[in-house]
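J.: I have a structure I would like to understand better, so I am pasting it below and will then ask my questions one at a time.
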Amino acid sequence: MKPAVRDDLRLLEGYHSPQIEVEARLNTNEAPFPPPAEFTEALAAELRSVEWHRYPDRTASALRADLAKLHGTEPERIFVANGSNEVLQTVCLTYGGAGRSVATFEPTYAMYGQIARSTQSSVVDGERHADGSVSVYEMERIVERYQPSIVFLCSPNNPTGTPERLDVLERALEIAPGLVVVDEAYGQFADWSAIDLCDDAGGPDNLVVTRTYSKTWAMAGARLGYAVIPVGMAAEFEKVVLPYHVDTFKQIAGRVALRFTDQMEHRVAAIVSERERISAELAQMRIDVWPSQSNFILFRTSPAGHSGDDVWQALVDRSVLVRNCSGWPRLADCLRVTVGTPAENDRFLQALAEVLA
């Protein structure tokens, strides 16, 4: 007899992003360049002395100490996981679950709802303005009506590139009955960070801020993420995470990467410069373009008389892959392009101009 899938999972689909062989892959918001050669050399040197027959440091204490120093906080306020998605999953396993709800504001990162539902949390969706922002009124409406155990905010928001408003976050922290999670996967590209609210006194006791090594640290292949959390929360997380869930390689790679903070910041500045150049050229193409504080740009093709699906396919035909967001809530005919190398960006702009013409 065929095993039965959980009833609440039968109608769900997994997270998908088309994997197509193209010459310019600009659909997954990866870093355009690999880490510096010096990083690879330093990492290789560290790995030579690893006792591979031993389990890793269960609490990733050395990496947490280094990240705490980076953010001016204490190691007990750092939680490390296999990518920031595992941080989000751990939050939902610990503070969500059956009989509890999670609030998101659409359109936003699809994994918030996916992870919440897979942990048997119910999902309530608030609305964003057309520019991608959340209003104080909408935050109050959702929190007061549904009393969610977890509120997810994405700053800058994926896929609009919009940073969350500070007044909205502060209001959420005041009225939310549970956690407020600010996902800053692209936080280094933005003008401000919610980590700034985590002061020496500990900051709000219901604020979690997540970060990833996948974007600015150019380590998507390592799957390493972390969060700045309130004091005492790590002990709660330990009840649901698997033993030794962060392997030795990740812990070492994460520590070595922090030696190259200056190079990372230089790359962030270069990506921001390219982002502004792309945005300026897109604005000349009779399409709607969202102002972005991330490493990607969202645009709508219908003002130029083309459907998003048709433009996406035409770009693929020209060996340029972007993310088709046309099926996302409230994003009809929208595509999202990652900022790549200058050559990749030129190729995208030329291909898009040809398609729209």
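If you're wondering about the labels, chains in the structure tokens are A, B, ... by order shown, residues count from 1 in each chain, ligands from 1 in order shown.
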For stretch 337-345 of chain A, list every protein, DNA or RNA residue within 8 Å, evaluated using only C-alpha atoms, and leave out those in the same chain fewer than 6 positions away; present the list as a ChimeraX atom specification.
T.: /A:24,26-33,271,274-275,278,295-298,322-323
J.: Suppose we keep N, CA, C and O atoms; can you now write the selection as a short mmCIF file (atom, residue, chain, number, x, y, z; two decimals), in the first residue's frame?
T.:
data_model
loop_
_atom_site.label_atom_id
_atom_site.label_comp_id
_atom_site.auth_asym_id
_atom_site.auth_seq_id
_atom_site.Cartn_x
_atom_site.Cartn_y
_atom_site.Cartn_z
N ALA A 24 23.72 33.84 -19.65
CA ALA A 24 23.58 34.87 -18.62
C ALA A 24 22.44 34.45 -17.68
O ALA A 24 21.27 34.61 -18.00
N LEU A 26 20.50 35.15 -14.59
CA LEU A 26 20.22 36.30 -13.72
C LEU A 26 18.87 36.14 -13.03
O LEU A 26 18.09 37.09 -12.92
N ASN A 27 18.60 34.94 -12.52
CA ASN A 27 17.27 34.67 -11.97
C ASN A 27 17.25 34.31 -10.49
O ASN A 27 16.18 34.22 -9.90
N THR A 28 18.40 34.09 -9.85
CA THR A 28 18.37 33.60 -8.47
C THR A 28 19.09 34.50 -7.47
O THR A 28 19.38 34.09 -6.35
N ASN A 29 19.40 35.72 -7.86
CA ASN A 29 19.97 36.72 -6.95
C ASN A 29 21.29 36.28 -6.31
O ASN A 29 21.59 36.64 -5.17
N GLU A 30 22.06 35.50 -7.04
CA GLU A 30 23.38 35.11 -6.57
C GLU A 30 24.36 36.26 -6.75
O GLU A 30 24.11 37.20 -7.50
N ALA A 31 25.51 36.15 -6.10
CA ALA A 31 26.58 37.12 -6.31
C ALA A 31 27.14 36.93 -7.73
O ALA A 31 27.23 35.81 -8.21
N PRO A 32 27.52 38.02 -8.40
CA PRO A 32 28.01 37.89 -9.78
C PRO A 32 29.42 37.32 -9.86
O PRO A 32 29.82 36.83 -10.92
N PHE A 33 30.17 37.38 -8.76
CA PHE A 33 31.54 36.89 -8.76
C PHE A 33 31.74 35.90 -7.62
O PHE A 33 31.07 35.98 -6.59
N ILE A 271 28.08 46.45 -6.94
CA ILE A 271 26.77 45.92 -7.35
C ILE A 271 25.72 47.02 -7.29
O ILE A 271 24.87 47.14 -8.18
N GLU A 274 26.06 49.17 -10.33
CA GLU A 274 25.48 48.51 -11.50
C GLU A 274 23.96 48.49 -11.43
O GLU A 274 23.28 48.66 -12.45
N ARG A 275 23.42 48.29 -10.25
CA ARG A 275 21.97 48.30 -10.08
C ARG A 275 21.37 49.63 -10.52
O ARG A 275 20.34 49.67 -11.22
N ILE A 278 21.49 49.92 -14.37
CA ILE A 278 20.45 49.12 -15.01
C ILE A 278 19.09 49.79 -14.84
O ILE A 278 18.31 49.90 -15.80
N ASN A 295 19.98 43.53 -4.66
CA ASN A 295 20.84 43.19 -5.80
C ASN A 295 20.02 42.68 -6.97
O ASN A 295 20.50 41.91 -7.78
N PHE A 296 18.77 43.10 -7.03
CA PHE A 296 17.88 42.73 -8.14
C PHE A 296 16.92 43.88 -8.40
O PHE A 296 16.78 44.81 -7.58
N ILE A 297 16.24 43.80 -9.54
CA ILE A 297 15.30 44.85 -9.94
C ILE A 297 14.05 44.18 -10.48
O ILE A 297 14.13 43.26 -11.30
N LEU A 298 12.90 44.65 -10.04
CA LEU A 298 11.61 44.17 -10.54
C LEU A 298 11.07 45.15 -11.57
O LEU A 298 11.14 46.36 -11.37
N VAL A 322 15.99 35.33 -16.55
CA VAL A 322 15.57 36.15 -15.42
C VAL A 322 14.44 35.41 -14.71
O VAL A 322 13.98 34.37 -15.16
N ARG A 323 13.98 35.94 -13.60
CA ARG A 323 12.90 35.29 -12.85
C ARG A 323 11.55 35.80 -13.33
O ARG A 323 11.31 37.02 -13.37
#
J.: Which residues are close to A:Ala283, i.e. within 12 Å by only C-alpha atoms, leaving aside same-chain residues fewer than 5 positions away? Reply as a PyMOL selection string.
T.: chain A and resi 276-278+288-291+297-301+303-304+349+353
J.: Check the smallest atom-to-atom distance from each of A:Ala98, A:Ile229, A:Val256, A:Ala218 to A:Asp8 using only C-alpha atoms, then report the winner.
T.: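 Smallest separation from A:Asp8 among the options: A:Ala98.
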J.: If you take only C-alpha atoms and a cut-off of 9 Å, which residues of stretch 206-321 of chain A touch stretch 43-51 of chain A, and what are their nearest atom pairs and distances in Å to one decimal, in chain and number order, as CSV?
T.:
residue,atom,partner,partner_atom,distance
A:Thr248,CA,A:Val50,CA,8.1
A:Phe249,CA,A:Leu47,CA,7.6
A:Ile252,CA,A:Leu43,CA,7.3
A:Ala253,CA,A:Leu43,CA,6.3
A:Val256,CA,A:Leu43,CA,6.3
A:Ala257,CA,A:Leu43,CA,8.5
J.: Please produce a file of the residues just selected, as a PDB file, in the first residue's frame, where the atoms kept are all heavy atoms.
T.:
ATOM      1  N   THR A 248      31.194  21.042   9.887  1.00  0.00           N
ATOM      2  CA  THR A 248      32.488  21.664  10.136  1.00  0.00           C
ATOM      3  C   THR A 248      32.918  22.566   8.990  1.00  0.00           C
ATOM      4  O   THR A 248      33.452  23.663   9.209  1.00  0.00           O
ATOM      5  CB  THR A 248      33.552  20.581  10.378  1.00  0.00           C
ATOM      6  OG1 THR A 248      33.182  19.824  11.537  1.00  0.00           O
ATOM      7  CG2 THR A 248      34.932  21.192  10.592  1.00  0.00           C
ATOM      8  N   PHE A 249      32.702  22.115   7.761  1.00  0.00           N
ATOM      9  CA  PHE A 249      33.101  22.921   6.607  1.00  0.00           C
ATOM     10  C   PHE A 249      32.419  24.282   6.631  1.00  0.00           C
ATOM     11  O   PHE A 249      33.057  25.312   6.440  1.00  0.00           O
ATOM     12  CB  PHE A 249      32.761  22.195   5.303  1.00  0.00           C
ATOM     13  CG  PHE A 249      33.038  23.020   4.079  1.00  0.00           C
ATOM     14  CD1 PHE A 249      34.306  23.036   3.502  1.00  0.00           C
ATOM     15  CD2 PHE A 249      32.041  23.806   3.502  1.00  0.00           C
ATOM     16  CE1 PHE A 249      34.573  23.808   2.387  1.00  0.00           C
ATOM     17  CE2 PHE A 249      32.297  24.583   2.391  1.00  0.00           C
ATOM     18  CZ  PHE A 249      33.571  24.579   1.830  1.00  0.00           C
ATOM     19  N   ILE A 252      33.873  26.639   9.341  1.00  0.00           N
ATOM     20  CA  ILE A 252      35.173  27.189   8.984  1.00  0.00           C
ATOM     21  C   ILE A 252      35.043  28.209   7.859  1.00  0.00           C
ATOM     22  O   ILE A 252      35.631  29.296   7.901  1.00  0.00           O
ATOM     23  CB  ILE A 252      36.138  26.059   8.590  1.00  0.00           C
ATOM     24  CG1 ILE A 252      36.435  25.172   9.806  1.00  0.00           C
ATOM     25  CG2 ILE A 252      37.432  26.627   8.018  1.00  0.00           C
ATOM     26  CD1 ILE A 252      37.276  23.962   9.491  1.00  0.00           C
ATOM     27  N   ALA A 253      34.262  27.871   6.836  1.00  0.00           N
ATOM     28  CA  ALA A 253      34.080  28.789   5.705  1.00  0.00           C
ATOM     29  C   ALA A 253      33.482  30.111   6.159  1.00  0.00           C
ATOM     30  O   ALA A 253      33.882  31.188   5.703  1.00  0.00           O
ATOM     31  CB  ALA A 253      33.198  28.139   4.644  1.00  0.00           C
ATOM     32  N   VAL A 256      36.293  32.107   7.944  1.00  0.00           N
ATOM     33  CA  VAL A 256      37.304  32.606   7.007  1.00  0.00           C
ATOM     34  C   VAL A 256      36.745  33.778   6.201  1.00  0.00           C
ATOM     35  O   VAL A 256      37.439  34.773   5.958  1.00  0.00           O
ATOM     36  CB  VAL A 256      37.789  31.476   6.080  1.00  0.00           C
ATOM     37  CG1 VAL A 256      38.669  32.027   4.961  1.00  0.00           C
ATOM     38  CG2 VAL A 256      38.550  30.419   6.875  1.00  0.00           C
ATOM     39  N   ALA A 257      35.491  33.687   5.799  1.00  0.00           N
ATOM     40  CA  ALA A 257      34.893  34.759   4.995  1.00  0.00           C
ATOM     41  C   ALA A 257      34.935  36.095   5.718  1.00  0.00           C
ATOM     42  O   ALA A 257      35.123  37.152   5.085  1.00  0.00           O
ATOM     43  CB  ALA A 257      33.455  34.403   4.633  1.00  0.00           C
TER      44      ALA A 257
END
J.: Which residue is closest to A:Leu335? Choose from A:Ser193, A:Ser273, A:Asn158, A:Asn206 and count only C-alpha atoms.
T.: A:Asn158
J.: Please provide as a PyMOL selection string all residues within 9 Å of stretch 99-108 of chain A, with the sequence filter that same-chain residues fewer than 6 positions apart are discarded (counting only C-alpha atoms).
T.: chain A and resi 92+116-117+120-128+132+134+139+142-143+146-154+157-160+328-331
J.: Quick one, how far is atom CA of A:Ala235 from atom CA of A:Ala110?
T.: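 Separating atom CA of A:Ala235 from atom CA of A:Ala110 is a distance of 28.0 Å.
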J.: Between A:Ala270, A:Val87, A:Leu258, A:Glu236, single out the one closest to A:Val182, counting only C-alpha atoms.
T.: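 Smallest distance to A:Val182 is found for A:Val87.
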J.: Closest to A:Phe79 among A:Ser155, A:Thr212, A:Gln114, A:Thr162, using only C-alpha atoms?
T.: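 Nearest to A:Phe79: A:Thr212.
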J.: I need the residues in stretch 18-249 of chain A that are strand (DSSP E) according to DSSP; give them as number ranges by chain.
T.: A: 24-26, 78-81, 101-106, 122-127, 150-154, 179-183, 207-212, 225-228
J.: List every residue of stretch 29-92 of chain A that DSSP, applied to the backbone of this structure, places in alpha helix (DSSP H), and write the result as a PDB file with C-alpha atoms, in the first residue's frame.
T.:
ATOM      1  CA  ALA A  37      41.086  33.854  -4.482  1.00  0.00           C
ATOM      2  CA  GLU A  38      42.629  34.617  -1.086  1.00  0.00           C
ATOM      3  CA  PHE A  39      39.473  33.240   0.557  1.00  0.00           C
ATOM      4  CA  THR A  40      39.801  29.924  -1.270  1.00  0.00           C
ATOM      5  CA  GLU A  41      43.464  29.646  -0.318  1.00  0.00           C
ATOM      6  CA  ALA A  42      42.817  30.492   3.336  1.00  0.00           C
ATOM      7  CA  LEU A  43      39.891  28.064   3.505  1.00  0.00           C
ATOM      8  CA  ALA A  44      41.971  25.242   2.002  1.00  0.00           C
ATOM      9  CA  ALA A  45      44.702  25.863   4.567  1.00  0.00           C
ATOM     10  CA  GLU A  46      42.198  25.673   7.434  1.00  0.00           C
ATOM     11  CA  LEU A  47      40.630  22.467   6.116  1.00  0.00           C
ATOM     12  CA  SER A  61      30.663  28.588  19.125  1.00  0.00           C
ATOM     13  CA  ALA A  62      33.666  30.049  17.278  1.00  0.00           C
ATOM     14  CA  LEU A  63      31.598  31.179  14.294  1.00  0.00           C
ATOM     15  CA  ARG A  64      28.953  32.659  16.562  1.00  0.00           C
ATOM     16  CA  ALA A  65      31.630  34.576  18.446  1.00  0.00           C
ATOM     17  CA  ASP A  66      33.003  36.013  15.204  1.00  0.00           C
ATOM     18  CA  LEU A  67      29.545  37.012  13.967  1.00  0.00           C
ATOM     19  CA  ALA A  68      28.747  38.567  17.344  1.00  0.00           C
ATOM     20  CA  LYS A  69      31.883  40.685  17.046  1.00  0.00           C
ATOM     21  CA  LEU A  70      30.857  41.715  13.518  1.00  0.00           C
ATOM     22  CA  HIS A  71      27.476  42.956  14.740  1.00  0.00           C
ATOM     23  CA  GLY A  83      21.070  28.958   5.074  1.00  0.00           C
ATOM     24  CA  SER A  84      18.653  31.589   6.322  1.00  0.00           C
ATOM     25  CA  ASN A  85      15.785  29.349   5.190  1.00  0.00           C
ATOM     26  CA  GLU A  86      16.669  26.911   7.976  1.00  0.00           C
ATOM     27  CA  VAL A  87      16.614  29.840  10.394  1.00  0.00           C
ATOM     28  CA  LEU A  88      13.057  30.613   9.228  1.00  0.00           C
ATOM     29  CA  GLN A  89      12.095  26.950   9.536  1.00  0.00           C
ATOM     30  CA  THR A  90      13.515  26.794  13.056  1.00  0.00           C
ATOM     31  CA  VAL A  91      11.516  29.874  14.026  1.00  0.00           C
ATOM     32  CA  CYS A  92       8.311  28.279  12.718  1.00  0.00           C
TER      33      CYS A  92
END
J.: In terms of the shortest atom-to-atom distance over only C-alpha atoms, which of A:Arg77, A:His266, A:Arg318, A:Arg336 is closest to A:Ala351?
T.: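 Ranked by minimum distance to A:Ala351, first place goes to A:Arg318.
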J.: Give me, as a PyMOL selection string, all polymer residues having an atom no more than 10 Å from A:Ala190, counting only C-alpha atoms and skipping those fewer than 5 positions away in the same chain.
T.: chain A and resi 155-156+161-164+184+268+272+292-295
J.: So that I have them on file, write out the residues from the current selection with N, CA and C atoms, as a compact mmCIF listing (two decimals), in the first residue's frame.
T.:
# COMPACT_ATOMS: atom_id res chain seq x y z
N SER A 155 13.27 42.69 4.26
CA SER A 155 13.85 44.02 4.04
C SER A 155 15.30 43.93 3.58
N PRO A 156 15.55 44.33 2.31
CA PRO A 156 14.60 44.72 1.28
C PRO A 156 13.72 43.55 0.84
N GLY A 161 12.30 44.65 -3.98
CA GLY A 161 13.51 45.40 -3.65
C GLY A 161 13.28 46.55 -2.69
N THR A 162 12.09 46.60 -2.10
CA THR A 162 11.71 47.71 -1.23
C THR A 162 12.15 47.47 0.21
N PRO A 163 12.85 48.40 0.84
CA PRO A 163 13.16 48.24 2.27
C PRO A 163 11.90 48.46 3.10
N GLU A 164 11.78 47.72 4.19
CA GLU A 164 10.64 47.94 5.07
C GLU A 164 10.79 49.29 5.76
N GLU A 184 16.73 39.78 6.34
CA GLU A 184 17.63 40.69 5.65
C GLU A 184 18.62 39.92 4.78
N VAL A 268 29.80 45.07 -2.67
CA VAL A 268 28.45 45.61 -2.49
C VAL A 268 28.32 46.95 -3.18
N VAL A 272 25.76 47.83 -6.24
CA VAL A 272 24.81 48.94 -6.13
C VAL A 272 24.97 49.90 -7.31
N SER A 292 14.88 49.91 -6.25
CA SER A 292 15.39 48.77 -5.50
C SER A 292 16.53 49.17 -4.58
N GLN A 293 16.55 48.55 -3.39
CA GLN A 293 17.71 48.64 -2.51
C GLN A 293 18.30 47.24 -2.29
N SER A 294 18.22 46.42 -3.33
CA SER A 294 18.73 45.07 -3.23
C SER A 294 19.70 44.80 -4.37
N ASN A 295 19.98 43.53 -4.66
CA ASN A 295 20.84 43.19 -5.80
C ASN A 295 20.02 42.68 -6.97
J.: Using only C-alpha atoms, which of the listed residues (A:Asp196, A:Asp309, A:Glu21, A:Asp167) sits closest to A:Gly72?
T.: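 Between A:Asp196, A:Asp309, A:Glu21, A:Asp167, the residue approaching A:Gly72 most closely is A:Asp196.
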J.: What is the distance between atom CA of A:Glu265 and atom CA of A:Thr210, in Å to one decimal?
T.: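 Between atom CA of A:Glu265 and atom CA of A:Thr210 the gap works out to 18.5 Å.
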J.: Within 8 Å of A:Thr216, counting only C-alpha atoms, which residues qualify if same-chain residues fewer than 3 places away don't, as a VMD selection string?
T.: chain A and resid 31 186 188 213 264 267 to 268
J.: Any chance you can output those residues with N, CA and C atoms as a short mmCIF file (atom, residue, chain, number, x, y, z; two decimals), in the first residue's frame?
T.:
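Okay, result_28.cif is ready:
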data_model
loop_
_atom_site.label_atom_id
_atom_site.label_comp_id
_atom_site.auth_asym_id
_atom_site.auth_seq_id
_atom_site.Cartn_x
_atom_site.Cartn_y
_atom_site.Cartn_z
N ALA A 31 25.51 36.15 -6.10
CA ALA A 31 26.58 37.12 -6.31
C ALA A 31 27.14 36.93 -7.73
N TYR A 186 19.13 40.44 1.86
CA TYR A 186 19.75 41.45 1.01
C TYR A 186 20.06 42.72 1.80
N GLN A 188 22.62 43.99 3.27
CA GLN A 188 23.83 44.79 3.06
C GLN A 188 23.69 45.79 1.92
N TYR A 213 24.89 34.18 4.01
CA TYR A 213 26.18 34.29 3.34
C TYR A 213 26.03 34.14 1.82
N MET A 264 34.21 42.41 0.64
CA MET A 264 32.77 42.26 0.51
C MET A 264 32.09 43.61 0.37
N ARG A 267 32.56 45.03 -3.02
CA ARG A 267 31.70 44.39 -4.02
C ARG A 267 30.26 44.88 -3.91
N VAL A 268 29.80 45.07 -2.67
CA VAL A 268 28.45 45.61 -2.49
C VAL A 268 28.32 46.95 -3.18
#
J.: Just how far from atom CA of A:Met219 is atom CA of A:Glu238, in Å to one decimal?
T.: 25.1 Å
